[in-house]
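Pasted below: input-v9.pdb, PDB, C-alpha atoms.
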```pdb
ATOM      1  CA  MET A   1       0.000   0.000   0.000  1.00  0.00           C
ATOM      2  CA  LEU A   2       2.359   2.722   1.208  1.00  0.00           C
ATOM      3  CA  ASP A   3       5.939   2.243   0.168  1.00  0.00           C
ATOM      4  CA  ILE A   4       7.743   3.456   3.294  1.00  0.00           C
ATOM      5  CA  GLY A   5      10.578   1.821   5.129  1.00  0.00           C
ATOM      6  CA  PHE A   6      11.192   1.418   8.834  1.00  0.00           C
ATOM      7  CA  SER A   7      13.212   4.634   9.111  1.00  0.00           C
ATOM      8  CA  GLU A   8      10.453   6.759   7.518  1.00  0.00           C
ATOM      9  CA  PHE A   9       7.870   5.108   9.747  1.00  0.00           C
ATOM     10  CA  LEU A  10       9.988   5.841  12.822  1.00  0.00           C
ATOM     11  CA  VAL A  11      10.284   9.531  11.806  1.00  0.00           C
ATOM     12  CA  VAL A  12       6.493   9.767  11.426  1.00  0.00           C
ATOM     13  CA  ILE A  13       5.958   8.222  14.878  1.00  0.00           C
ATOM     14  CA  VAL A  14       8.480  10.584  16.532  1.00  0.00           C
ATOM     15  CA  LEU A  15       6.848  13.600  14.867  1.00  0.00           C
ATOM     16  CA  ALA A  16       3.395  12.410  15.935  1.00  0.00           C
ATOM     17  CA  VAL A  17       4.555  12.051  19.555  1.00  0.00           C
ATOM     18  CA  LEU A  18       6.127  15.534  19.472  1.00  0.00           C
ATOM     19  CA  VAL A  19       3.126  17.227  17.862  1.00  0.00           C
ATOM     20  CA  LEU A  20       0.275  15.392  19.609  1.00  0.00           C
ATOM     21  CA  GLY A  21       1.931  14.334  22.814  1.00  0.00           C
ATOM     22  CA  PRO A  22       1.830  10.855  24.305  1.00  0.00           C
ATOM     23  CA  ASP A  23      -1.627  11.355  25.843  1.00  0.00           C
ATOM     24  CA  LYS A  24      -3.407  12.315  22.577  1.00  0.00           C
ATOM     25  CA  LEU A  25      -1.515   9.913  20.302  1.00  0.00           C
ATOM     26  CA  PRO A  26      -3.637   6.766  20.994  1.00  0.00           C
ATOM     27  CA  GLU A  27      -6.879   8.628  20.233  1.00  0.00           C
ATOM     28  CA  ALA A  28      -5.375  10.139  17.083  1.00  0.00           C
ATOM     29  CA  MET A  29      -4.277   6.669  15.936  1.00  0.00           C
ATOM     30  CA  LYS A  30      -7.815   5.344  16.523  1.00  0.00           C
ATOM     31  CA  ASP A  31      -9.262   8.222  14.503  1.00  0.00           C
ATOM     32  CA  PHE A  32      -6.755   7.604  11.738  1.00  0.00           C
ATOM     33  CA  ALA A  33      -7.609   3.877  11.715  1.00  0.00           C
ATOM     34  CA  ARG A  34     -11.347   4.696  11.480  1.00  0.00           C
ATOM     35  CA  PHE A  35     -10.619   7.072   8.607  1.00  0.00           C
ATOM     36  CA  ILE A  36      -8.630   4.410   6.735  1.00  0.00           C
ATOM     37  CA  LYS A  37     -11.411   1.859   7.373  1.00  0.00           C
ATOM     38  CA  LYS A  38     -14.019   4.249   5.916  1.00  0.00           C
ATOM     39  CA  ILE A  39     -11.836   4.913   2.861  1.00  0.00           C
ATOM     40  CA  LYS A  40     -11.394   1.167   2.288  1.00  0.00           C
ATOM     41  CA  LYS A  41     -15.150   0.579   2.604  1.00  0.00           C
ATOM     42  CA  MET A  42     -15.935   3.405   0.187  1.00  0.00           C
ATOM     43  CA  TRP A  43     -13.378   2.016  -2.280  1.00  0.00           C
ATOM     44  CA  SER A  44     -14.835  -1.484  -1.957  1.00  0.00           C
ATOM     45  CA  ASP A  45     -18.399  -0.196  -2.464  1.00  0.00           C
ATOM     46  CA  ALA A  46     -17.385   1.835  -5.519  1.00  0.00           C
ATOM     47  CA  THR A  47     -15.559  -1.151  -7.000  1.00  0.00           C
ATOM     48  CA  SER A  48     -18.537  -3.465  -6.470  1.00  0.00           C
ATOM     49  CA  ASP A  49     -20.938  -0.862  -7.940  1.00  0.00           C
ATOM     50  CA  ILE A  50     -18.783  -0.475 -11.036  1.00  0.00           C
ATOM     51  CA  THR A  51     -18.479  -4.251 -11.414  1.00  0.00           C
ATOM     52  CA  ARG A  52     -22.255  -4.649 -11.081  1.00  0.00           C
ATOM     53  CA  GLU A  53     -22.884  -1.934 -13.684  1.00  0.00           C
ATOM     54  CA  LEU A  54     -20.450  -3.559 -16.116  1.00  0.00           C
ATOM     55  CA  GLU A  55     -22.153  -6.930 -15.645  1.00  0.00           C
ATOM     56  CA  MET A  56     -25.548  -5.316 -16.249  1.00  0.00           C
ATOM     57  CA  GLU A  57     -24.201  -3.683 -19.412  1.00  0.00           C
ATOM     58  CA  ASP A  58     -22.968  -7.077 -20.640  1.00  0.00           C
ATOM     59  CA  MET A  59     -26.364  -8.612 -19.877  1.00  0.00           C
ATOM     60  CA  LYS A  60     -28.151  -5.794 -21.736  1.00  0.00           C
ATOM     61  CA  GLU A  61     -25.987  -6.416 -24.800  1.00  0.00           C
ATOM     62  CA  GLU A  62     -26.724 -10.145 -24.628  1.00  0.00           C
ATOM     63  CA  VAL A  63     -30.479  -9.525 -24.279  1.00  0.00           C
ATOM     64  CA  LYS A  64     -30.359  -7.159 -27.263  1.00  0.00           C
ATOM     65  CA  LYS A  65     -28.523  -9.812 -29.300  1.00  0.00           C
ATOM     66  CA  TYR A  66     -31.189 -12.430 -28.469  1.00  0.00           C
ATOM     67  CA  LYS A  67     -33.988  -9.967 -29.161  1.00  0.00           C
ATOM     68  CA  ASP A  68     -32.516  -9.132 -32.573  1.00  0.00           C
ATOM     69  CA  GLU A  69     -32.140 -12.836 -33.324  1.00  0.00           C
ATOM     70  CA  LEU A  70     -35.761 -13.496 -32.316  1.00  0.00           C
ATOM     71  CA  ASN A  71     -36.963 -10.610 -34.489  1.00  0.00           C
ATOM     72  CA  LYS A  72     -34.974 -11.994 -37.414  1.00  0.00           C
ATOM     73  CA  LEU A  73     -36.448 -15.474 -36.918  1.00  0.00           C
ATOM     74  CA  GLN A  74     -39.921 -14.015 -36.559  1.00  0.00           C
ATOM     75  CA  ASN A  75     -39.526 -12.107 -39.835  1.00  0.00           C
ATOM     76  CA  GLU A  76     -38.230 -15.243 -41.587  1.00  0.00           C
ATOM     77  CA  THR A  77     -41.160 -17.353 -40.387  1.00  0.00           C
ATOM     78  CA  LYS A  78     -44.023 -14.945 -41.011  1.00  0.00           C
ATOM     79  CA  LEU A  79     -47.308 -16.767 -40.446  1.00  0.00           C
ATOM     80  CA  PRO A  80     -50.280 -15.795 -42.579  1.00  0.00           C
ATOM     81  CA  ASP A  81     -52.854 -13.489 -41.104  1.00  0.00           C
ATOM     82  CA  ILE A  82     -55.825 -15.318 -39.610  1.00  0.00           C
ATOM     83  CA  ASN A  83     -58.204 -13.513 -42.006  1.00  0.00           C
ATOM     84  CA  THR A  84     -56.168 -14.369 -45.137  1.00  0.00           C
ATOM     85  CA  PRO A  85     -57.965 -16.884 -47.426  1.00  0.00           C
ATOM     86  CA  LEU A  86     -56.391 -20.330 -47.409  1.00  0.00           C
ATOM     87  CA  ASP A  87     -55.111 -21.703 -50.731  1.00  0.00           C
ATOM     88  CA  GLY A  88     -57.433 -24.289 -52.239  1.00  0.00           C
ATOM     89  CA  MET A  89     -60.262 -23.565 -49.818  1.00  0.00           C
ATOM     90  CA  GLY A  90     -62.068 -20.901 -51.769  1.00  0.00           C
ATOM     91  CA  SER A  91     -63.158 -18.001 -49.667  1.00  0.00           C
ATOM     92  CA  ARG A  92     -62.656 -19.738 -46.355  1.00  0.00           C
ATOM     93  CA  ASN A  93     -60.029 -18.222 -44.115  1.00  0.00           C
ATOM     94  CA  MET A  94     -58.048 -19.608 -41.160  1.00  0.00           C
ATOM     95  CA  LYS A  95     -60.663 -18.389 -38.646  1.00  0.00           C
ATOM     96  CA  ASP A  96     -63.403 -20.330 -40.432  1.00  0.00           C
ATOM     97  CA  PHE A  97     -61.152 -23.371 -40.719  1.00  0.00           C
ATOM     98  CA  LEU A  98     -60.409 -23.336 -36.991  1.00  0.00           C
ATOM     99  CA  LYS A  99     -64.138 -23.163 -36.170  1.00  0.00           C
ATOM    100  CA  TRP A 100     -64.706 -26.236 -38.300  1.00  0.00           C
TER     101      TRP A 100
END
```

Encoding of this model in structure tokens:
Amino acid sequence: MLDIGFSEFLVVIVLAVLVLGPDKLPEAMKDFARFIKKIKKMWSDATSDITRELEMEDMKEEVKKYKDELNKLQNETKLPDINTPLDGMGSRNMKDFLKW
């Protein structure tokens, strides 16, 4: 995460003790830990939201692909209108034939 060595960490601790004092340092460290925890949670939530949105986008594209394919198949297999006269049956249409 942070690329600091032991000597840099020791300098930060000494400065914190000098600035905050030994009595306020534990509370400041707790506050800092809470802050880091909140940042990590926000980062995790944002990452999961972005991942979910990307998955939804992929699903939308897949649904559109299937819908286009179904429309193409529907256009290729156009069924005659129910009121269209049937060949070889004179004036009778599909509705009359189904009643029969």

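Note that the spacing between atom CA of Arg34 of chain A and atom CA of Ile50 of chain A amounts to 24.3 Å.
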
**Prompt:** At what distance in Å, to one decimal, does atom CA of Leu25 of chain A lie from atom CA of Phe9 of chain A?
**Reply:** 14.9 Å

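Atom CA of Leu70 of chain A to atom CA of Glu57 of chain A spans 19.9 Å [interatomic distance, one decimal].
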